[in-house]
Amino acid sequence: QRTVTCSQNAVHHASRVEVSQVEQILLKMVRRLMAMRMLDTARLFGSWWCIALDGTLQQRTGEKGSKRSRMVLEARLMGPCGIELPLMVEFLDVDDPVRDKRDCELKGFDRLTRRLRAEFPRLPVCLLLDGLYAVKPVFDRCKEYDWKFIITMKEGRQPTAFDEAIQTMMMSPTHLWHGKRPGEDGMVDQTARWSEDVPVSGHPLNVIFLGEIAPHAATLW
């Protein structure tokens, strides 16, 4: 009869192993899947491995039911069929996770990308990031490592570049694409417009606006 050990026993034996060795398990698993070419279909344009970086708030229960919060920055490899494979985690020392989230995530980005580069020095990487990371230090790091990136652009975060992207799109009527995709309530109509070489924090970037019209909602990305 197969049995599963209790969580307390698992924690006891795990505590006997160095954390750095446990972290290597994730990396070895991903490297093995890459070597087996099991993840190749998820590569962007058949070349770039997409890695999403995002911060999350972990809440832990301590003695006498007290709760402690800690921010972590996690790197996940995007695999085929929507699979996400955790690669590594960078812990962020935060006293006030709400107020200090922006500064700490950017500092964690610096440390985590250095670790990623050390583990995968020749891997063609495309980072997937939210609007928090649309800043010069992030662009500089990607240029230094020859990484690609897809970053959400927010109007209030980069107002000058946002306005210039819109003005350029209005003067480029050929930069237009229409498509469809299946949605939960039916087909979704898609319209994309883009601008090229928009200066954002000293870097010439391409900006894409994607509008979607579903049977019950409309969204602009």
# chains A, B, ... in the order shown; residues from 1 in each chain; ligands from 1

$ residues_around --residues "Leu128 of chain A" --least-positions-apart "3" --cutoff "10 Å" --atoms "only C-alpha atoms" --output "list in words"
Cys50, Ile51, Ala52, Leu53, Asp54, Ala75, Arg76, Leu77, Met78, Val125, Tyr133, Lys148, Phe149, Ile150, Ile151 and Thr152 of chain A

$ select_by_dssp --residues "segment 136-197 of chain A" --states "alpha helix (DSSP H)" --output "list in words"
Lys136, Pro137, Val138, Phe139, Asp140, Arg141, Cys142, Lys143, Glu144, Tyr145, Pro159, Thr160, Ala161, Phe162, Asp163, Glu164, Ala165, Ile166, Gln167, Thr168, Met169 and Met170 of chain A

$ atom_distance --atom1 "atom CA of Ala134 of chain A" --atom2 "atom CA of Gly55 of chain A"
14.7 Å

$ select_by_dssp --residues "segment 10-182 of chain A" --states "strand (DSSP E)" --output "PyMOL selection string"
chain A and resi 49-61+67-78+84-92+125-129+148-151+176-182

$ residues_around --residues "segment 159-166 of chain A" --least-positions-apart "6" --cutoff "10 Å" --atoms "only C-alpha atoms" --output "PyMOL selection string"
chain A and resi 153+172+193-201+205-209

$ write_last_selection --atoms "N, CA, C and O atoms" --output "short mmCIF file (atom, residue, chain, number, x, y, z; two decimals), in the first residue's frame"
data_model
loop_
_atom_site.label_atom_id
_atom_site.label_comp_id
_atom_site.auth_asym_id
_atom_site.auth_seq_id
_atom_site.Cartn_x
_atom_site.Cartn_y
_atom_site.Cartn_z
N MET A 153 2.38 49.02 -21.30
CA MET A 153 2.61 50.46 -21.26
C MET A 153 1.37 51.15 -20.70
O MET A 153 0.26 50.94 -21.19
N SER A 172 0.10 56.83 -39.50
CA SER A 172 0.54 55.59 -40.17
C SER A 172 -0.67 54.68 -40.36
O SER A 172 -0.82 53.66 -39.65
N ARG A 193 -3.03 48.25 -33.83
CA ARG A 193 -2.28 49.35 -34.46
C ARG A 193 -0.95 49.47 -33.74
O ARG A 193 -0.84 49.16 -32.56
N TRP A 194 0.07 49.93 -34.47
CA TRP A 194 1.38 50.02 -33.84
C TRP A 194 2.19 51.20 -34.36
O TRP A 194 1.94 51.73 -35.44
N SER A 195 3.14 51.61 -33.51
CA SER A 195 4.10 52.67 -33.86
C SER A 195 5.51 52.12 -33.66
O SER A 195 5.76 51.32 -32.75
N GLU A 196 6.40 52.56 -34.51
CA GLU A 196 7.78 52.08 -34.45
C GLU A 196 8.71 53.18 -33.97
O GLU A 196 8.50 54.37 -34.23
N ASP A 197 9.77 52.76 -33.25
CA ASP A 197 10.84 53.67 -32.81
C ASP A 197 10.30 54.83 -31.98
O ASP A 197 10.68 55.98 -32.17
N VAL A 198 9.42 54.53 -31.04
CA VAL A 198 8.94 55.55 -30.10
C VAL A 198 9.96 55.69 -28.98
O VAL A 198 10.29 54.70 -28.32
N PRO A 199 10.50 56.88 -28.73
CA PRO A 199 11.50 57.02 -27.67
C PRO A 199 10.87 56.91 -26.29
O PRO A 199 10.02 57.70 -25.90
N VAL A 200 11.31 55.89 -25.56
CA VAL A 200 10.84 55.66 -24.19
C VAL A 200 12.07 55.55 -23.28
O VAL A 200 12.83 54.59 -23.39
N SER A 201 12.28 56.55 -22.45
CA SER A 201 13.43 56.56 -21.54
C SER A 201 14.75 56.35 -22.28
O SER A 201 15.63 55.61 -21.84
N LEU A 205 11.47 52.15 -28.98
CA LEU A 205 10.69 50.94 -28.81
C LEU A 205 9.49 50.94 -29.75
O LEU A 205 9.05 51.98 -30.24
N ASN A 206 8.96 49.76 -30.00
CA ASN A 206 7.74 49.59 -30.78
C ASN A 206 6.56 49.47 -29.83
O ASN A 206 6.61 48.71 -28.86
N VAL A 207 5.50 50.22 -30.09
CA VAL A 207 4.32 50.24 -29.23
C VAL A 207 3.13 49.68 -30.00
O VAL A 207 2.86 50.10 -31.12
N ILE A 208 2.44 48.72 -29.40
CA ILE A 208 1.29 48.07 -30.04
C ILE A 208 0.05 48.29 -29.19
O ILE A 208 0.08 48.05 -27.98
N PHE A 209 -1.03 48.77 -29.82
CA PHE A 209 -2.33 48.87 -29.17
C PHE A 209 -3.21 47.77 -29.75
O PHE A 209 -3.32 47.64 -30.97
#

$ residues_around --residues "segment 38-43 of chain A" --least-positions-apart "5" --cutoff "10 Å" --atoms "only C-alpha atoms" --output "compact mmCIF listing (two decimals) with all heavy atoms, in the first residue's frame"
# COMPACT_ATOMS: atom_id res chain seq x y z
N VAL A 30 13.76 22.11 -15.66
CA VAL A 30 13.54 22.90 -16.87
C VAL A 30 14.61 22.58 -17.92
O VAL A 30 14.31 22.44 -19.11
CB VAL A 30 13.53 24.40 -16.54
CG1 VAL A 30 13.54 25.23 -17.81
CG2 VAL A 30 12.31 24.75 -15.70
N ARG A 32 16.20 19.83 -18.30
CA ARG A 32 15.91 18.50 -18.83
C ARG A 32 14.80 18.57 -19.89
O ARG A 32 14.90 17.97 -20.96
CB ARG A 32 15.50 17.57 -17.69
CG ARG A 32 15.06 16.18 -18.13
CD ARG A 32 16.14 15.44 -18.84
NE ARG A 32 15.74 14.07 -19.14
CZ ARG A 32 16.33 13.29 -20.04
NH1 ARG A 32 17.38 13.76 -20.72
NH2 ARG A 32 15.91 12.07 -20.25
N LEU A 33 13.74 19.33 -19.60
CA LEU A 33 12.64 19.47 -20.56
C LEU A 33 13.11 20.19 -21.83
O LEU A 33 12.68 19.85 -22.94
CB LEU A 33 11.49 20.24 -19.93
CG LEU A 33 10.73 19.52 -18.81
CD1 LEU A 33 9.75 20.46 -18.12
CD2 LEU A 33 10.00 18.31 -19.36
N TRP A 48 12.82 32.69 -29.14
CA TRP A 48 12.95 33.31 -27.82
C TRP A 48 12.14 32.58 -26.77
O TRP A 48 10.96 32.29 -26.96
CB TRP A 48 12.51 34.78 -27.90
CG TRP A 48 13.27 35.55 -28.92
CD1 TRP A 48 12.93 35.74 -30.22
CD2 TRP A 48 14.54 36.18 -28.74
NE1 TRP A 48 13.90 36.46 -30.86
CE2 TRP A 48 14.89 36.75 -29.98
CE3 TRP A 48 15.40 36.35 -27.66
CZ2 TRP A 48 16.07 37.46 -30.17
CZ3 TRP A 48 16.57 37.05 -27.84
CH2 TRP A 48 16.90 37.61 -29.08
N TRP A 49 12.79 32.30 -25.63
CA TRP A 49 12.11 31.70 -24.49
C TRP A 49 11.46 32.81 -23.67
O TRP A 49 12.13 33.73 -23.22
CB TRP A 49 13.09 30.92 -23.62
CG TRP A 49 13.71 29.75 -24.32
CD1 TRP A 49 14.89 29.72 -25.00
CD2 TRP A 49 13.17 28.44 -24.42
NE1 TRP A 49 15.12 28.47 -25.51
CE2 TRP A 49 14.08 27.65 -25.17
CE3 TRP A 49 12.01 27.83 -23.94
CZ2 TRP A 49 13.86 26.31 -25.44
CZ3 TRP A 49 11.79 26.49 -24.21
CH2 TRP A 49 12.70 25.75 -24.96
N CYS A 50 10.14 32.74 -23.47
CA CYS A 50 9.41 33.78 -22.76
C CYS A 50 9.42 33.49 -21.25
O CYS A 50 8.97 32.43 -20.81
CB CYS A 50 7.97 33.85 -23.26
SG CYS A 50 7.83 34.41 -24.97
N LEU A 77 8.87 30.34 -16.58
CA LEU A 77 9.04 30.07 -18.00
C LEU A 77 7.70 29.69 -18.60
O LEU A 77 7.01 28.79 -18.08
CB LEU A 77 10.05 28.94 -18.20
CG LEU A 77 10.30 28.52 -19.65
CD1 LEU A 77 11.03 29.62 -20.41
CD2 LEU A 77 11.11 27.22 -19.71
N MET A 78 7.31 30.37 -19.68
CA MET A 78 6.05 30.08 -20.35
C MET A 78 6.22 28.88 -21.27
O MET A 78 7.01 28.91 -22.21
CB MET A 78 5.59 31.29 -21.15
CG MET A 78 5.35 32.55 -20.34
SD MET A 78 3.98 32.43 -19.18
CE MET A 78 4.89 32.21 -17.63
N GLY A 79 5.49 27.81 -20.99
CA GLY A 79 5.56 26.61 -21.79
C GLY A 79 4.36 26.49 -22.71
O GLY A 79 3.49 27.37 -22.77
N PRO A 80 4.27 25.40 -23.47
CA PRO A 80 3.15 25.22 -24.39
C PRO A 80 1.84 24.95 -23.64
O PRO A 80 1.86 24.52 -22.48
CB PRO A 80 3.58 24.00 -25.22
CG PRO A 80 4.54 23.26 -24.34
CD PRO A 80 5.25 24.31 -23.52
N CYS A 81 0.73 25.23 -24.30
CA CYS A 81 -0.62 24.95 -23.77
C CYS A 81 -0.88 25.67 -22.46
O CYS A 81 -1.60 25.16 -21.58
CB CYS A 81 -0.81 23.44 -23.58
SG CYS A 81 -0.56 22.47 -25.09
N GLY A 82 -0.29 26.85 -22.27
CA GLY A 82 -0.54 27.62 -21.06
C GLY A 82 0.20 27.16 -19.83
O GLY A 82 -0.07 27.63 -18.73
N ILE A 83 1.15 26.24 -19.99
CA ILE A 83 1.91 25.75 -18.83
C ILE A 83 2.91 26.82 -18.39
O ILE A 83 3.57 27.44 -19.20
CB ILE A 83 2.66 24.45 -19.20
CG1 ILE A 83 1.66 23.34 -19.51
CG2 ILE A 83 3.59 24.02 -18.07
CD1 ILE A 83 2.30 22.07 -20.03
N PRO A 124 18.36 32.63 -25.39
CA PRO A 124 17.64 33.78 -25.95
C PRO A 124 16.36 34.02 -25.18
O PRO A 124 15.42 33.23 -25.25
CB PRO A 124 17.37 33.35 -27.40
CG PRO A 124 17.42 31.87 -27.39
CD PRO A 124 18.36 31.47 -26.30
N VAL A 125 16.32 35.11 -24.42
CA VAL A 125 15.23 35.36 -23.48
C VAL A 125 14.37 36.53 -23.95
O VAL A 125 14.87 37.53 -24.46
CB VAL A 125 15.81 35.68 -22.07
CG1 VAL A 125 14.71 36.16 -21.13
CG2 VAL A 125 16.49 34.44 -21.49
N CYS A 126 13.06 36.40 -23.76
CA CYS A 126 12.13 37.50 -23.93
C CYS A 126 11.36 37.64 -22.62
O CYS A 126 10.59 36.75 -22.25
CB CYS A 126 11.16 37.24 -25.09
SG CYS A 126 9.91 38.56 -25.29

$ residues_around --residues "Leu92 of chain A" --least-positions-apart "4" --cutoff "8 Å" --atoms "only C-alpha atoms" --output "MDAnalysis selection string"
chainID A and resid 70:73 104:105 108

$ write_last_selection --atoms "all heavy atoms" --output "PDB file, in the first residue's frame"
ATOM      1  N   ARG A  70       5.410  39.024   3.129  1.00  0.00           N
ATOM      2  CA  ARG A  70       6.686  39.211   2.473  1.00  0.00           C
ATOM      3  C   ARG A  70       6.490  39.206   0.972  1.00  0.00           C
ATOM      4  O   ARG A  70       5.755  38.377   0.443  1.00  0.00           O
ATOM      5  CB  ARG A  70       7.672  38.102   2.860  1.00  0.00           C
ATOM      6  CG  ARG A  70       9.105  38.406   2.452  1.00  0.00           C
ATOM      7  CD  ARG A  70      10.055  37.356   2.953  1.00  0.00           C
ATOM      8  NE  ARG A  70      11.440  37.795   2.819  1.00  0.00           N
ATOM      9  CZ  ARG A  70      12.492  37.050   3.116  1.00  0.00           C
ATOM     10  NH1 ARG A  70      12.320  35.835   3.577  1.00  0.00           N
ATOM     11  NH2 ARG A  70      13.714  37.516   2.957  1.00  0.00           N
ATOM     12  N   MET A  71       7.143  40.135   0.300  1.00  0.00           N
ATOM     13  CA  MET A  71       7.074  40.195  -1.153  1.00  0.00           C
ATOM     14  C   MET A  71       8.114  39.269  -1.762  1.00  0.00           C
ATOM     15  O   MET A  71       9.238  39.157  -1.255  1.00  0.00           O
ATOM     16  CB  MET A  71       7.334  41.618  -1.639  1.00  0.00           C
ATOM     17  CG  MET A  71       6.188  42.579  -1.407  1.00  0.00           C
ATOM     18  SD  MET A  71       4.765  42.231  -2.468  1.00  0.00           S
ATOM     19  CE  MET A  71       5.503  42.423  -4.086  1.00  0.00           C
ATOM     20  N   VAL A  72       7.737  38.587  -2.825  1.00  0.00           N
ATOM     21  CA  VAL A  72       8.689  37.781  -3.579  1.00  0.00           C
ATOM     22  C   VAL A  72       8.546  38.120  -5.051  1.00  0.00           C
ATOM     23  O   VAL A  72       7.463  38.468  -5.531  1.00  0.00           O
ATOM     24  CB  VAL A  72       8.474  36.260  -3.368  1.00  0.00           C
ATOM     25  CG1 VAL A  72       8.712  35.878  -1.927  1.00  0.00           C
ATOM     26  CG2 VAL A  72       7.090  35.839  -3.818  1.00  0.00           C
ATOM     27  N   LEU A  73       9.634  38.054  -5.771  1.00  0.00           N
ATOM     28  CA  LEU A  73       9.641  38.249  -7.223  1.00  0.00           C
ATOM     29  C   LEU A  73       9.951  36.907  -7.852  1.00  0.00           C
ATOM     30  O   LEU A  73      10.986  36.304  -7.560  1.00  0.00           O
ATOM     31  CB  LEU A  73      10.690  39.286  -7.623  1.00  0.00           C
ATOM     32  CG  LEU A  73      10.759  39.642  -9.108  1.00  0.00           C
ATOM     33  CD1 LEU A  73       9.444  40.246  -9.573  1.00  0.00           C
ATOM     34  CD2 LEU A  73      11.910  40.606  -9.372  1.00  0.00           C
ATOM     35  N   CYS A 104      11.082  48.034  -4.258  1.00  0.00           N
ATOM     36  CA  CYS A 104      11.638  46.732  -3.945  1.00  0.00           C
ATOM     37  C   CYS A 104      11.574  45.780  -5.134  1.00  0.00           C
ATOM     38  O   CYS A 104      12.457  44.961  -5.308  1.00  0.00           O
ATOM     39  CB  CYS A 104      10.924  46.129  -2.736  1.00  0.00           C
ATOM     40  SG  CYS A 104      11.293  46.968  -1.194  1.00  0.00           S
ATOM     41  N   GLU A 105      10.522  45.851  -5.929  1.00  0.00           N
ATOM     42  CA  GLU A 105      10.439  44.980  -7.101  1.00  0.00           C
ATOM     43  C   GLU A 105      11.523  45.324  -8.109  1.00  0.00           C
ATOM     44  O   GLU A 105      12.108  44.436  -8.724  1.00  0.00           O
ATOM     45  CB  GLU A 105       9.051  45.077  -7.746  1.00  0.00           C
ATOM     46  CG  GLU A 105       8.008  44.212  -7.076  1.00  0.00           C
ATOM     47  CD  GLU A 105       6.801  43.986  -7.958  1.00  0.00           C
ATOM     48  OE1 GLU A 105       6.979  43.748  -9.167  1.00  0.00           O
ATOM     49  OE2 GLU A 105       5.673  44.055  -7.428  1.00  0.00           O
ATOM     50  N   GLY A 108      14.706  43.997  -6.776  1.00  0.00           N
ATOM     51  CA  GLY A 108      14.685  42.549  -6.945  1.00  0.00           C
ATOM     52  C   GLY A 108      14.890  42.145  -8.393  1.00  0.00           C
ATOM     53  O   GLY A 108      15.503  41.118  -8.686  1.00  0.00           O
TER      54      GLY A 108
END

$ atom_distance --atom1 "atom CA of Gln167 of chain A" --atom2 "atom CA of His203 of chain A"
18.0 Å

$ atom_distance --atom1 "atom CA of Phe45 of chain A" --atom2 "atom CA of Leu123 of chain A"
14.5 Å

$ closest_residue --among "A:Ala192, A:Val89, A:Trp221, A:Gly202" --to "Gly131 of chain A" --atoms "only C-alpha atoms"
A:Trp221

$ decode --residues "segment 154-166 of chain A" --atoms "N, CA, C and O atoms" --output "compact mmCIF listing (two decimals), in the first residue's frame"
# COMPACT_ATOMS: atom_id res chain seq x y z
N LYS A 154 1.57 51.96 -19.64
CA LYS A 154 0.47 52.68 -19.03
C LYS A 154 0.60 54.17 -19.32
O LYS A 154 1.70 54.73 -19.28
N GLU A 155 -0.53 54.78 -19.60
CA GLU A 155 -0.54 56.19 -19.99
C GLU A 155 0.09 57.07 -18.91
O GLU A 155 0.88 57.96 -19.19
N GLY A 156 -0.25 56.85 -17.65
CA GLY A 156 0.29 57.68 -16.58
C GLY A 156 1.74 57.40 -16.26
O GLY A 156 2.44 58.25 -15.70
N ARG A 157 2.23 56.20 -16.62
CA ARG A 157 3.61 55.83 -16.32
C ARG A 157 4.59 56.48 -17.31
O ARG A 157 5.67 56.90 -16.93
N GLN A 158 4.22 56.53 -18.58
CA GLN A 158 5.04 57.12 -19.63
C GLN A 158 4.16 58.04 -20.48
O GLN A 158 3.86 57.74 -21.63
N PRO A 159 3.71 59.18 -19.94
CA PRO A 159 2.73 60.01 -20.66
C PRO A 159 3.25 60.56 -21.98
O PRO A 159 2.52 60.61 -22.97
N THR A 160 4.50 61.00 -22.03
CA THR A 160 5.04 61.58 -23.27
C THR A 160 5.13 60.53 -24.37
O THR A 160 4.70 60.76 -25.50
N ALA A 161 5.68 59.38 -24.03
CA ALA A 161 5.80 58.31 -25.02
C ALA A 161 4.43 57.79 -25.44
O ALA A 161 4.22 57.45 -26.61
N PHE A 162 3.50 57.74 -24.50
CA PHE A 162 2.14 57.28 -24.80
C PHE A 162 1.49 58.19 -25.84
O PHE A 162 0.92 57.72 -26.84
N ASP A 163 1.59 59.50 -25.62
CA ASP A 163 1.00 60.46 -26.55
C ASP A 163 1.68 60.40 -27.92
O ASP A 163 1.02 60.48 -28.96
N GLU A 164 2.99 60.26 -27.93
CA GLU A 164 3.70 60.20 -29.21
C GLU A 164 3.33 58.95 -29.99
O GLU A 164 3.22 58.97 -31.22
N ALA A 165 3.14 57.83 -29.27
CA ALA A 165 2.74 56.59 -29.94
C ALA A 165 1.39 56.77 -30.62
O ALA A 165 1.18 56.33 -31.76
N ILE A 166 0.45 57.44 -29.95
CA ILE A 166 -0.87 57.67 -30.54
C ILE A 166 -0.78 58.57 -31.76
O ILE A 166 -1.39 58.30 -32.80
